[in-house]
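Reading through the structure tokens given below for one structure.
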Amino acid sequence: MNGRGNAARDLTPLPSTDRPLSILLLEDSPLDAQLVAAQLEEGGLPSTLECVPGRAAFVAALEKGRFDLILSDYNVPGFDGMSALEAAQAVCPDTPFLFVSGALGEDRAIELLKRGATDYVLKDRLERLGPSVRRALREAEGVRLRKRTEEALRQSEERYQLVAHASFDAIWDLDLQTDAMHWIGDATEEVFGFPLEEVGAEAAWWRRHIHGEDRERVLAGLQRAFESDEDRWQDEYRVLRKDGEYAYVAAQGSILRGANGKARRIVGAMRDITERRRAEEERQKLVHEAQARVEFEQQLIGIVSHDLRNPLSAILTGASLMLRRDDIQPWHAKAAARILSASERATRMIRDLLDFTQARMGGGIPVHAAPCDFHALTLQVVEEARTAHPERTLQVEQEGDGQGAWDSDRMAQVLSNILGNALKYSPEDTPVRVESRGEPDAIVVHVRNKGDPIPPEMLPRIFEPLQRGTTVGRSERSIGLGLYIVRQLVLAHGGTVDAQSSAAEGTVFTVRLPRVPVRDTP
């Protein structure tokens with residue numbers, strides 16, 4: 001990757017250009033999927049993009065189709081990037097797999113690459129997608145070519161079997177008795193920049209062209225391999241090219257021993273990995289940049305929680321004290337009530353913002369399960385809503401066992417958000433009904449209201465951040481994160497949440513939570 005923000009467009013031809021690329025994209029956000037498709041088109045990568053939103057569709061697509069490339073978000077509801085990578089490797093291990101995701105921690109990024117991911121591109125750096133895809137396809141083509149070559153070489157003579165065992169490009173044969181070193185193939189010129197006839201026929205020429213800082217280590221490692229009972233040797237180091245520049249190479253050889261076990265010959269291959277090393281350095285740079293962003297976001301959370309919550313707490317306390325005064329004037333009481341209401345709304349916005357930031361950082365919103373009576377918790381939330389909205393009719397129906405293990409504070413937040421949403425978007429003369437039902441292994445909650453139905457095109461997106469089912473007045477605006485946080489909290493408990501809406505039935509939000517305690521999230 002190029003470290004500059006406006007990298008030059010990569011126009012390197014793809015391994016095959018006779019048809020559009022067949023790409024499988026695991027992405028639950030239609031907007032992000034459109035951005036990926038647009039970036040591929042802008043990068044000159046004609047493709048047929050099959051977008052799937054979750055586990056079932058992803059596995060089905062893998063089984064029925066052959067793809068040139070797989071792109072995947074890391075955080076998909078009910079499915080994670082590591083599981084997607086493992087599923088792809090089980091079905092099509094040779095297909096390049098790139099993550100296109102938000103910020104990833106350094107440890108997670110490194111682990112994904114170790115587990116076999118080809119590369120990853122951050123969603124806020126999508127201009128890197130085209131070069132990354134091209135490089136992945138070229139590398140995959142190289143892997144396929146090497147596999148075909150190795151299969152053919154296994155059926156050939158001893159020298160070609162050793163070449164296949166080495167599996168690199170520039171071939172060399174070192175006779176340890178005479179110190180003669182023979183180079184085979186045009187790839188030698190690609191590595192060293194010297195025509196084959198100018199390459200020295202003695203091992204001394206090769207030793208002189210090893211970088212001075214690497215030479216002692218490389219030769220010592222080679223000698224240790226000779227003196228041991230190993231039959232293979234490999235290393236990575238720098239060699240001097242004819243143009244005066246240094247190239248990184250990966251060398252690997254097969255050691256041939258005599259009857260006494262003494263090494264007498266080594267045949268191997270060498271590949272120029274300069275571009276790969278640069279790509280690794282670029283990936284490391286991206287990991288460090290991602291880590292820096294995470295640290296900045298954590299600092300921002302601290303600032304918000306400390307520098308805004310504390311002043312708001314003081315405002316809330318002051319407004320409450322003013323309202324308790326016996327001698328308060330009516331217009332003072334009205335002003336204090338407005339201050340109290342605005343401060344409470346700002347406090348909720350800050351709480352939602354903190355939860356949203358933590359969820360988007362990839363760590364999820366923390367929940368701590370403990371024994372809880374969900375029916376009693378539901379009644380508590382409903383009574384609080386009745387106090388805040390005395391003009392509304394709230395109906396409650398409960399049945400079955402309400403005992404289980406949940407984070408009661410977080411579940412109260414879930415119920416308050418859904419109930420508040422129902423009250424906000426339904427007429428004042430209609431009731432809001434809250435039903436909680438205990439099942440053998442779960443608790444199910446329905447919140448029903450008779451408001452205008454949510455438009456069908458909006459219904460699939462209402463649990464995404466900054467989305468609304470209907471338009472509200474300016475005085476009731478929030479930051480649009482309530483239902484997104486509801487979904488994150490329910491998912492953290494191992495549950496599900498959905499919504500149905502029609503003119504005949506009104507709008508129904510359904511939450512299903514397992515009774516089995518979940519392990520506390522970080």
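Chain labels A, B, ... are given in the sequence in which chains occur in the structure tokens; within each chain residues are numbered consecutively from 1, and ligands are likewise numbered from 1 in the order shown.
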Practice task
Would you list the contacts of region 440-454 of chain A as a VMD selection string, taking every protein, DNA or RNA residue within 9 Å and counting only C-alpha atoms, but skipping same-chain residues closer than 2 positions in sequence?
Solution key: chain A and resid 374 400 to 404 415 418 to 419 422 to 427 430 to 438 456 to 459 468 to 470 500 to 516
Exercise for the section: Show which residues sit within 9 Å of region 112-117 of chain A, as a ChimeraX atom specification. Count only C-alpha atoms, and ignore same-chain residues fewer than 3 positions away. Expected result: /A:81-82,85-86,89,93,96-99,107-109,120
Create the file for the chosen residues now, containing all heavy atoms and written as an mmCIF file, in the first residue's frame.
data_model
loop_
_atom_site.group_PDB
_atom_site.id
_atom_site.type_symbol
_atom_site.label_atom_id
_atom_site.label_comp_id
_atom_site.auth_asym_id
_atom_site.auth_seq_id
_atom_site.Cartn_x
_atom_site.Cartn_y
_atom_site.Cartn_z
ATOM 1 N N GLY A 81 -16.285 -11.574 11.986
ATOM 2 C CA GLY A 81 -15.350 -11.733 10.889
ATOM 3 C C GLY A 81 -14.517 -12.992 10.988
ATOM 4 O O GLY A 81 -14.223 -13.638 9.975
ATOM 5 N N MET A 82 -14.092 -13.373 12.199
ATOM 6 C CA MET A 82 -13.278 -14.567 12.359
ATOM 7 C C MET A 82 -14.050 -15.805 11.922
ATOM 8 O O MET A 82 -13.517 -16.689 11.244
ATOM 9 C CB MET A 82 -12.819 -14.709 13.811
ATOM 10 C CG MET A 82 -11.778 -15.786 14.021
ATOM 11 S SD MET A 82 -10.185 -15.371 13.274
ATOM 12 C CE MET A 82 -9.621 -14.142 14.462
ATOM 13 N N LEU A 85 -14.228 -15.872 8.150
ATOM 14 C CA LEU A 85 -12.947 -16.295 7.573
ATOM 15 C C LEU A 85 -12.803 -17.816 7.657
ATOM 16 O O LEU A 85 -12.385 -18.472 6.694
ATOM 17 C CB LEU A 85 -11.806 -15.594 8.309
ATOM 18 C CG LEU A 85 -10.377 -15.990 7.902
ATOM 19 C CD1 LEU A 85 -10.140 -15.702 6.432
ATOM 20 C CD2 LEU A 85 -9.361 -15.247 8.764
ATOM 21 N N GLU A 86 -13.134 -18.395 8.807
ATOM 22 C CA GLU A 86 -13.019 -19.842 8.975
ATOM 23 C C GLU A 86 -13.955 -20.580 8.025
ATOM 24 O O GLU A 86 -13.591 -21.610 7.440
ATOM 25 C CB GLU A 86 -13.324 -20.213 10.421
ATOM 26 C CG GLU A 86 -12.255 -19.723 11.411
ATOM 27 C CD GLU A 86 -12.653 -19.957 12.853
ATOM 28 O OE1 GLU A 86 -13.815 -20.393 13.084
ATOM 29 O OE2 GLU A 86 -11.812 -19.731 13.746
ATOM 30 N N GLN A 89 -12.436 -20.424 4.508
ATOM 31 C CA GLN A 89 -11.253 -21.275 4.367
ATOM 32 C C GLN A 89 -11.641 -22.742 4.270
ATOM 33 O O GLN A 89 -10.958 -23.529 3.614
ATOM 34 C CB GLN A 89 -10.312 -21.046 5.546
ATOM 35 C CG GLN A 89 -9.610 -19.694 5.504
ATOM 36 C CD GLN A 89 -8.724 -19.459 6.707
ATOM 37 O OE1 GLN A 89 -8.995 -19.943 7.803
ATOM 38 N NE2 GLN A 89 -7.660 -18.706 6.513
ATOM 39 N N PRO A 93 -10.332 -22.398 0.333
ATOM 40 C CA PRO A 93 -9.146 -21.871 1.006
ATOM 41 C C PRO A 93 -8.231 -21.034 0.120
ATOM 42 O O PRO A 93 -7.442 -20.239 0.636
ATOM 43 C CB PRO A 93 -8.432 -23.147 1.489
ATOM 44 C CG PRO A 93 -8.933 -24.236 0.587
ATOM 45 C CD PRO A 93 -10.336 -23.876 0.265
ATOM 46 N N PRO A 96 -8.843 -15.344 -2.172
ATOM 47 C CA PRO A 96 -8.381 -14.227 -1.319
ATOM 48 C C PRO A 96 -9.532 -13.694 -0.468
ATOM 49 O O PRO A 96 -10.669 -13.581 -0.931
ATOM 50 C CB PRO A 96 -7.899 -13.171 -2.326
ATOM 51 C CG PRO A 96 -7.646 -13.930 -3.583
ATOM 52 C CD PRO A 96 -8.596 -15.067 -3.602
ATOM 53 N N PHE A 97 -9.224 -13.370 0.794
ATOM 54 C CA PHE A 97 -10.228 -12.909 1.763
ATOM 55 C C PHE A 97 -9.745 -11.601 2.362
ATOM 56 O O PHE A 97 -8.741 -11.570 3.058
ATOM 57 C CB PHE A 97 -10.407 -13.969 2.856
ATOM 58 C CG PHE A 97 -11.600 -13.743 3.743
ATOM 59 C CD1 PHE A 97 -12.716 -14.561 3.646
ATOM 60 C CD2 PHE A 97 -11.619 -12.723 4.678
ATOM 61 C CE1 PHE A 97 -13.823 -14.368 4.464
ATOM 62 C CE2 PHE A 97 -12.709 -12.515 5.493
ATOM 63 C CZ PHE A 97 -13.807 -13.339 5.385
ATOM 64 N N LEU A 98 -10.458 -10.493 2.059
ATOM 65 C CA LEU A 98 -10.089 -9.170 2.561
ATOM 66 C C LEU A 98 -11.183 -8.665 3.495
ATOM 67 O O LEU A 98 -12.370 -8.774 3.193
ATOM 68 C CB LEU A 98 -9.910 -8.156 1.421
ATOM 69 C CG LEU A 98 -8.586 -8.162 0.658
ATOM 70 C CD1 LEU A 98 -8.499 -9.393 -0.239
ATOM 71 C CD2 LEU A 98 -8.457 -6.885 -0.178
ATOM 72 N N PHE A 99 -10.757 -8.086 4.623
ATOM 73 C CA PHE A 99 -11.709 -7.437 5.518
ATOM 74 C C PHE A 99 -11.862 -5.975 5.103
ATOM 75 O O PHE A 99 -10.870 -5.277 4.829
ATOM 76 C CB PHE A 99 -11.226 -7.509 6.966
ATOM 77 C CG PHE A 99 -11.494 -8.834 7.612
ATOM 78 C CD1 PHE A 99 -10.483 -9.774 7.736
ATOM 79 C CD2 PHE A 99 -12.750 -9.165 8.071
ATOM 80 C CE1 PHE A 99 -10.721 -11.014 8.305
ATOM 81 C CE2 PHE A 99 -13.003 -10.396 8.633
ATOM 82 C CZ PHE A 99 -11.987 -11.320 8.759
ATOM 83 N N ASP A 107 -4.147 -6.013 18.082
ATOM 84 C CA ASP A 107 -4.103 -7.460 18.324
ATOM 85 C C ASP A 107 -5.053 -8.197 17.398
ATOM 86 O O ASP A 107 -4.730 -9.249 16.845
ATOM 87 C CB ASP A 107 -4.443 -7.757 19.780
ATOM 88 C CG ASP A 107 -3.364 -7.275 20.728
ATOM 89 O OD1 ASP A 107 -2.224 -7.053 20.271
ATOM 90 O OD2 ASP A 107 -3.665 -7.129 21.927
ATOM 91 N N ARG A 108 -6.259 -7.645 17.227
ATOM 92 C CA ARG A 108 -7.237 -8.304 16.366
ATOM 93 C C ARG A 108 -6.780 -8.308 14.916
ATOM 94 O O ARG A 108 -6.901 -9.323 14.221
ATOM 95 C CB ARG A 108 -8.587 -7.613 16.489
ATOM 96 C CG ARG A 108 -9.674 -8.239 15.603
ATOM 97 C CD ARG A 108 -11.016 -7.600 15.854
ATOM 98 N NE ARG A 108 -11.450 -7.880 17.209
ATOM 99 C CZ ARG A 108 -12.386 -7.171 17.828
ATOM 100 N NH1 ARG A 108 -12.968 -6.161 17.225
ATOM 101 N NH2 ARG A 108 -12.754 -7.474 19.066
ATOM 102 N N ALA A 109 -6.225 -7.200 14.442
ATOM 103 C CA ALA A 109 -5.758 -7.131 13.059
ATOM 104 C C ALA A 109 -4.655 -8.155 12.807
ATOM 105 O O ALA A 109 -4.654 -8.868 11.802
ATOM 106 C CB ALA A 109 -5.256 -5.715 12.742
ATOM 107 N N TYR A 120 -6.581 -6.214 4.950
ATOM 108 C CA TYR A 120 -7.775 -5.528 5.406
ATOM 109 C C TYR A 120 -7.674 -4.062 5.035
ATOM 110 O O TYR A 120 -6.595 -3.501 4.895
ATOM 111 C CB TYR A 120 -8.007 -5.704 6.905
ATOM 112 C CG TYR A 120 -7.148 -4.850 7.797
ATOM 113 C CD1 TYR A 120 -7.601 -3.605 8.224
ATOM 114 C CD2 TYR A 120 -5.889 -5.264 8.220
ATOM 115 C CE1 TYR A 120 -6.819 -2.808 9.042
ATOM 116 C CE2 TYR A 120 -5.103 -4.471 9.035
ATOM 117 C CZ TYR A 120 -5.568 -3.245 9.446
ATOM 118 O OH TYR A 120 -4.790 -2.458 10.253
#
Practice task
Determine, counting only C-alpha atoms, which protein, DNA and RNA residues have an atom within 10 Å of an atom of Arg257 (chain A); residues of the same chain fewer than 2 positions away are not included. Present the result as a PyMOL selection string.
Solution key: chain A and resi 226+229-231+254-255+259-266
Restricting it to N, CA, C and O atoms, dump the selection as an mmCIF file, in the first residue's frame.
data_model
loop_
_atom_site.group_PDB
_atom_site.id
_atom_site.type_symbol
_atom_site.label_atom_id
_atom_site.label_comp_id
_atom_site.auth_asym_id
_atom_site.auth_seq_id
_atom_site.Cartn_x
_atom_site.Cartn_y
_atom_site.Cartn_z
ATOM 1 N N PHE A 226 23.602 -27.152 8.025
ATOM 2 C CA PHE A 226 24.496 -28.189 7.511
ATOM 3 C C PHE A 226 24.939 -29.138 8.616
ATOM 4 O O PHE A 226 25.024 -30.361 8.423
ATOM 5 N N ASP A 229 20.828 -32.301 11.548
ATOM 6 C CA ASP A 229 20.250 -33.334 10.684
ATOM 7 C C ASP A 229 19.067 -32.797 9.877
ATOM 8 O O ASP A 229 18.270 -33.568 9.339
ATOM 9 N N GLU A 230 18.947 -31.482 9.790
ATOM 10 C CA GLU A 230 17.873 -30.874 9.018
ATOM 11 C C GLU A 230 18.077 -31.116 7.525
ATOM 12 O O GLU A 230 19.212 -31.204 7.050
ATOM 13 N N ASP A 231 16.964 -31.211 6.793
ATOM 14 C CA ASP A 231 17.077 -31.356 5.340
ATOM 15 C C ASP A 231 16.548 -30.129 4.601
ATOM 16 O O ASP A 231 16.470 -30.126 3.373
ATOM 17 N N SER A 254 16.793 -27.239 -0.143
ATOM 18 C CA SER A 254 16.766 -28.630 0.306
ATOM 19 C C SER A 254 18.198 -29.144 0.357
ATOM 20 O O SER A 254 18.939 -29.031 -0.628
ATOM 21 N N ILE A 255 18.578 -29.690 1.494
ATOM 22 C CA ILE A 255 19.954 -30.140 1.719
ATOM 23 C C ILE A 255 20.061 -31.617 1.353
ATOM 24 O O ILE A 255 19.280 -32.447 1.836
ATOM 25 N N ALA A 259 26.162 -40.553 2.421
ATOM 26 C CA ALA A 259 25.853 -41.723 3.241
ATOM 27 C C ALA A 259 26.231 -41.519 4.699
ATOM 28 O O ALA A 259 25.606 -42.084 5.605
ATOM 29 N N ASN A 260 27.259 -40.676 4.934
ATOM 30 C CA ASN A 260 27.687 -40.414 6.313
ATOM 31 C C ASN A 260 26.876 -39.315 6.986
ATOM 32 O O ASN A 260 27.167 -38.933 8.123
ATOM 33 N N GLY A 261 25.853 -38.791 6.294
ATOM 34 C CA GLY A 261 25.012 -37.753 6.853
ATOM 35 C C GLY A 261 25.564 -36.348 6.682
ATOM 36 O O GLY A 261 24.902 -35.371 7.073
ATOM 37 N N LYS A 262 26.736 -36.213 6.086
ATOM 38 C CA LYS A 262 27.341 -34.891 5.909
ATOM 39 C C LYS A 262 26.733 -34.191 4.691
ATOM 40 O O LYS A 262 26.565 -34.791 3.628
ATOM 41 N N ALA A 263 26.407 -32.920 4.865
ATOM 42 C CA ALA A 263 25.825 -32.156 3.762
ATOM 43 C C ALA A 263 26.839 -32.023 2.627
ATOM 44 O O ALA A 263 28.003 -31.679 2.853
ATOM 45 N N ARG A 264 26.399 -32.313 1.413
ATOM 46 C CA ARG A 264 27.297 -32.198 0.254
ATOM 47 C C ARG A 264 26.747 -31.278 -0.835
ATOM 48 O O ARG A 264 27.483 -30.863 -1.714
ATOM 49 N N ARG A 265 25.451 -30.935 -0.727
ATOM 50 C CA ARG A 265 24.845 -30.124 -1.782
ATOM 51 C C ARG A 265 23.565 -29.515 -1.251
ATOM 52 O O ARG A 265 22.867 -30.115 -0.433
ATOM 53 N N ILE A 266 23.234 -28.334 -1.703
ATOM 54 C CA ILE A 266 21.950 -27.716 -1.373
ATOM 55 C C ILE A 266 21.390 -27.081 -2.641
ATOM 56 O O ILE A 266 22.076 -26.333 -3.342
#
Exercise for the section: Looking only at helix (DSSP H, G or I) from DSSP on the backbone, list the matching residues of region 188-323 of chain A as an NGL selection string. Expected result: :A and (188-192 or 196-198 or 203-208 or 212-227 or 274-323)
C-alpha atoms of the current selection, written as an mmCIF file, in the first residue's frame:
data_model
loop_
_atom_site.group_PDB
_atom_site.id
_atom_site.type_symbol
_atom_site.label_atom_id
_atom_site.label_comp_id
_atom_site.auth_asym_id
_atom_site.auth_seq_id
_atom_site.Cartn_x
_atom_site.Cartn_y
_atom_site.Cartn_z
ATOM 1 C CA THR A 188 17.815 -14.629 -11.334
ATOM 2 C CA GLU A 189 18.026 -11.388 -13.303
ATOM 3 C CA GLU A 190 14.730 -10.228 -11.796
ATOM 4 C CA VAL A 191 16.121 -10.687 -8.298
ATOM 5 C CA PHE A 192 19.658 -9.316 -8.739
ATOM 6 C CA LEU A 196 22.510 -14.518 -15.987
ATOM 7 C CA GLU A 197 25.903 -14.511 -17.718
ATOM 8 C CA GLU A 198 27.174 -11.808 -15.322
ATOM 9 C CA ALA A 203 29.288 -18.948 -3.873
ATOM 10 C CA ALA A 204 31.632 -16.076 -2.973
ATOM 11 C CA TRP A 205 29.742 -13.864 -5.466
ATOM 12 C CA TRP A 206 26.453 -14.565 -3.688
ATOM 13 C CA ARG A 207 27.981 -14.007 -0.239
ATOM 14 C CA ARG A 208 29.376 -10.615 -1.317
ATOM 15 C CA GLY A 212 26.445 -6.420 5.353
ATOM 16 C CA GLU A 213 24.006 -6.283 8.260
ATOM 17 C CA ASP A 214 22.451 -9.635 7.248
ATOM 18 C CA ARG A 215 25.499 -11.576 6.041
ATOM 19 C CA GLU A 216 26.799 -13.005 9.328
ATOM 20 C CA ARG A 217 23.336 -14.113 10.430
ATOM 21 C CA VAL A 218 22.489 -15.761 7.089
ATOM 22 C CA LEU A 219 25.761 -17.671 6.800
ATOM 23 C CA ALA A 220 25.675 -18.764 10.444
ATOM 24 C CA GLY A 221 22.131 -20.079 10.009
ATOM 25 C CA LEU A 222 23.101 -21.952 6.868
ATOM 26 C CA GLN A 223 26.086 -23.534 8.647
ATOM 27 C CA ARG A 224 23.912 -24.646 11.548
ATOM 28 C CA ALA A 225 21.565 -26.355 9.094
ATOM 29 C CA PHE A 226 24.496 -28.189 7.511
ATOM 30 C CA GLU A 227 25.798 -29.383 10.882
ATOM 31 C CA THR A 274 10.372 -6.493 -1.659
ATOM 32 C CA GLU A 275 6.779 -5.535 -2.472
ATOM 33 C CA ARG A 276 5.426 -7.952 0.121
ATOM 34 C CA ARG A 277 7.681 -6.490 2.790
ATOM 35 C CA ARG A 278 6.570 -2.990 1.850
ATOM 36 C CA ALA A 279 2.960 -4.135 2.053
ATOM 37 C CA GLU A 280 3.629 -5.630 5.492
ATOM 38 C CA GLU A 281 5.179 -2.360 6.619
ATOM 39 C CA GLU A 282 2.138 -0.509 5.281
ATOM 40 C CA ARG A 283 -0.187 -2.874 7.128
ATOM 41 C CA GLN A 284 1.778 -2.302 10.296
ATOM 42 C CA LYS A 285 1.431 1.427 9.751
ATOM 43 C CA LEU A 286 -2.335 1.031 9.349
ATOM 44 C CA VAL A 287 -2.506 -1.041 12.533
ATOM 45 C CA HIS A 288 -0.659 1.676 14.443
ATOM 46 C CA GLU A 289 -2.940 4.332 12.938
ATOM 47 C CA ALA A 290 -5.989 2.293 13.974
ATOM 48 C CA GLN A 291 -4.594 1.961 17.478
ATOM 49 C CA ALA A 292 -4.015 5.705 17.622
ATOM 50 C CA ARG A 293 -7.641 6.317 16.594
ATOM 51 C CA VAL A 294 -8.881 3.941 19.265
ATOM 52 C CA GLU A 295 -6.812 5.714 21.889
ATOM 53 C CA PHE A 296 -8.165 9.071 20.697
ATOM 54 C CA GLU A 297 -11.758 7.792 20.890
ATOM 55 C CA GLN A 298 -11.137 6.501 24.395
ATOM 56 C CA GLN A 299 -9.771 9.888 25.392
ATOM 57 C CA LEU A 300 -12.832 11.527 23.820
ATOM 58 C CA ILE A 301 -15.132 9.254 25.830
ATOM 59 C CA GLY A 302 -13.322 10.287 29.000
ATOM 60 C CA ILE A 303 -13.714 13.962 28.146
ATOM 61 C CA VAL A 304 -17.422 13.574 27.385
ATOM 62 C CA SER A 305 -18.143 11.546 30.510
ATOM 63 C CA HIS A 306 -16.183 13.818 32.846
ATOM 64 C CA ASP A 307 -16.393 17.301 31.373
ATOM 65 C CA LEU A 308 -20.050 17.141 30.311
ATOM 66 C CA ARG A 309 -21.677 14.801 32.794
ATOM 67 C CA ASN A 310 -20.427 16.652 35.840
ATOM 68 C CA PRO A 311 -21.751 20.112 34.784
ATOM 69 C CA LEU A 312 -25.063 18.557 33.744
ATOM 70 C CA SER A 313 -25.325 16.854 37.117
ATOM 71 C CA ALA A 314 -24.870 20.230 38.788
ATOM 72 C CA ILE A 315 -27.553 21.762 36.572
ATOM 73 C CA LEU A 316 -29.974 18.935 37.333
ATOM 74 C CA THR A 317 -29.361 19.267 41.068
ATOM 75 C CA GLY A 318 -29.808 23.040 40.992
ATOM 76 C CA ALA A 319 -33.025 22.865 38.972
ATOM 77 C CA SER A 320 -34.442 20.196 41.300
ATOM 78 C CA LEU A 321 -33.643 22.297 44.376
ATOM 79 C CA MET A 322 -35.326 25.342 42.826
ATOM 80 C CA LEU A 323 -38.513 23.389 42.179
#
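Straight-line separation from CA of Ala369 (chain A) to CA of Asp407 (chain A): 4.4 Å.
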Exercise for the section: Quick one: everything within 8 Å of Pro77 (chain A), counting only C-alpha atoms, minus sequence neighbours fewer than 2 positions away in the same chain. Send it as a ChimeraX atom specification. Expected result: /A:28,54,75,79-80,491
Just the selected residues (N, CA and C atoms), exported as a short mmCIF file (atom, residue, chain, number, x, y, z; two decimals), in the first residue's frame, please.
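Saved file selection_36.cif follows:
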data_model
loop_
_atom_site.label_atom_id
_atom_site.label_comp_id
_atom_site.auth_asym_id
_atom_site.auth_seq_id
_atom_site.Cartn_x
_atom_site.Cartn_y
_atom_site.Cartn_z
N ASP A 28 -23.81 -5.98 6.24
CA ASP A 28 -25.21 -5.78 6.60
C ASP A 28 -25.67 -4.35 6.37
N GLY A 54 -25.68 -11.77 6.35
CA GLY A 54 -25.47 -12.52 7.58
C GLY A 54 -24.95 -13.92 7.32
N ASN A 75 -17.79 -6.79 11.84
CA ASN A 75 -18.90 -6.83 12.80
C ASN A 75 -20.22 -6.89 12.04
N PHE A 79 -22.88 -12.57 13.75
CA PHE A 79 -21.82 -13.23 12.97
C PHE A 79 -20.58 -12.35 13.03
N ASP A 80 -19.41 -12.92 13.25
CA ASP A 80 -18.21 -12.12 13.33
C ASP A 80 -17.24 -12.47 12.21
N LEU A 491 -28.30 -7.82 21.78
CA LEU A 491 -27.31 -8.74 21.23
C LEU A 491 -26.28 -9.13 22.27
#
Exercise for the section: Can you pull out every residue within 12 Å of Ala170 (chain A), counting only C-alpha atoms, but drop anything in the same chain fewer than 4 positions away, and send it as a ChimeraX atom specification? Expected result: /A:163,166,182-193,196,249-253,267-273
Emit the selected residues as a tab-separated table (two decimals), in the first residue's frame, including N, CA and C atoms.
chain	number	residue	atom	x	y	z
A	163	VAL	N	13.44	-28.56	-6.67
A	163	VAL	CA	12.96	-27.22	-7.03
A	163	VAL	C	11.52	-27.04	-6.52
A	166	ALA	N	11.48	-26.46	-2.87
A	166	ALA	CA	11.86	-25.08	-2.51
A	166	ALA	C	10.74	-24.10	-2.82
A	182	HIS	N	25.57	-22.58	-9.08
A	182	HIS	CA	24.98	-22.42	-10.40
A	182	HIS	C	23.58	-21.84	-10.27
A	183	TRP	N	23.29	-20.86	-11.13
A	183	TRP	CA	21.99	-20.20	-11.12
A	183	TRP	C	21.23	-20.60	-12.37
A	184	ILE	N	19.95	-20.85	-12.22
A	184	ILE	CA	19.13	-21.36	-13.32
A	184	ILE	C	17.91	-20.45	-13.49
A	185	GLY	N	17.61	-20.08	-14.73
A	185	GLY	CA	16.37	-19.37	-15.02
A	185	GLY	C	16.53	-17.86	-15.09
A	186	ASP	N	15.59	-17.24	-15.83
A	186	ASP	CA	15.62	-15.79	-16.00
A	186	ASP	C	15.26	-15.05	-14.73
A	187	ALA	N	14.64	-15.71	-13.77
A	187	ALA	CA	14.24	-15.04	-12.54
A	187	ALA	C	15.45	-14.52	-11.77
A	188	THR	N	16.61	-15.11	-12.01
A	188	THR	CA	17.82	-14.63	-11.33
A	188	THR	C	18.06	-13.16	-11.66
A	189	GLU	N	17.85	-12.79	-12.91
A	189	GLU	CA	18.03	-11.39	-13.30
A	189	GLU	C	16.98	-10.50	-12.64
A	190	GLU	N	15.76	-11.02	-12.45
A	190	GLU	CA	14.73	-10.23	-11.80
A	190	GLU	C	15.09	-9.93	-10.35
A	191	VAL	N	15.76	-10.88	-9.70
A	191	VAL	CA	16.12	-10.69	-8.30
A	191	VAL	C	17.32	-9.76	-8.16
A	192	PHE	N	18.40	-10.05	-8.91
A	192	PHE	CA	19.66	-9.32	-8.74
A	192	PHE	C	19.83	-8.15	-9.72
A	193	GLY	N	19.09	-8.16	-10.82
A	193	GLY	CA	19.28	-7.12	-11.82
A	193	GLY	C	20.44	-7.40	-12.76
A	196	LEU	N	22.06	-13.24	-16.52
A	196	LEU	CA	22.51	-14.52	-15.99
A	196	LEU	C	23.99	-14.75	-16.24
A	249	VAL	N	14.69	-10.70	-0.19
A	249	VAL	CA	14.45	-12.00	-0.81
A	249	VAL	C	14.10	-13.02	0.26
A	250	ALA	N	13.32	-14.01	-0.14
A	250	ALA	CA	13.05	-15.18	0.70
A	250	ALA	C	13.72	-16.36	0.02
A	251	ALA	N	14.64	-17.00	0.73
A	251	ALA	CA	15.39	-18.12	0.17
A	251	ALA	C	15.05	-19.39	0.93
A	252	GLN	N	14.99	-20.47	0.20
A	252	GLN	CA	14.70	-21.77	0.80
A	252	GLN	C	15.42	-22.84	0.02
A	253	GLY	N	15.99	-23.81	0.73
A	253	GLY	CA	16.74	-24.84	0.05
A	253	GLY	C	16.55	-26.22	0.66
A	267	VAL	N	20.17	-27.43	-2.95
A	267	VAL	CA	19.48	-26.89	-4.12
A	267	VAL	C	18.28	-26.10	-3.62
A	268	GLY	N	18.15	-24.88	-4.11
A	268	GLY	CA	17.08	-24.05	-3.58
A	268	GLY	C	16.55	-23.05	-4.57
A	269	ALA	N	15.76	-22.14	-4.05
A	269	ALA	CA	15.12	-21.11	-4.87
A	269	ALA	C	15.02	-19.83	-4.07
A	270	MET	N	14.89	-18.75	-4.80
A	270	MET	CA	14.89	-17.43	-4.17
A	270	MET	C	13.83	-16.56	-4.84
A	271	ARG	N	13.10	-15.82	-4.03
A	271	ARG	CA	12.05	-14.94	-4.57
A	271	ARG	C	12.23	-13.53	-4.04
A	272	ASP	N	11.99	-12.56	-4.92
A	272	ASP	CA	12.00	-11.15	-4.53
A	272	ASP	C	10.71	-10.86	-3.79
A	273	ILE	N	10.82	-10.51	-2.51
A	273	ILE	CA	9.63	-10.22	-1.69
A	273	ILE	C	9.61	-8.75	-1.26
Handout entry: Computed interatomic separation between CA of Gly102 (chain A) and CA of Phe67 (chain A) (Å)
Key =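 If I compute the distance from CA of Gly102 (chain A) to CA of Phe67 (chain A), I get 23.7 Å.
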Exercise for the section: For region 29-40 of chain A, list every protein, DNA or RNA residue within 10 Å, evaluated using only C-alpha atoms, and leave out those in the same chain fewer than 6 positions away; present the list as an MDAnalysis selection string. Expected result: chainID A and resid 46:53 71 73 76 100:101 123 126:131 133 461 464
Handout entry: In region 174-248 of chain A, DSSP strand (DSSP E) residues written as a list in words
Key =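 Of region 174-248 of chain A, the ones in strand (DSSP E) are Leu174, Asp175, Ala180, Met181, His182, Trp183, Ile184, Arg232, Trp233, Gln234, Asp235, Glu236, Tyr237, Arg238, Val239, Leu240, Tyr246, Ala247 and Tyr248 of chain A.
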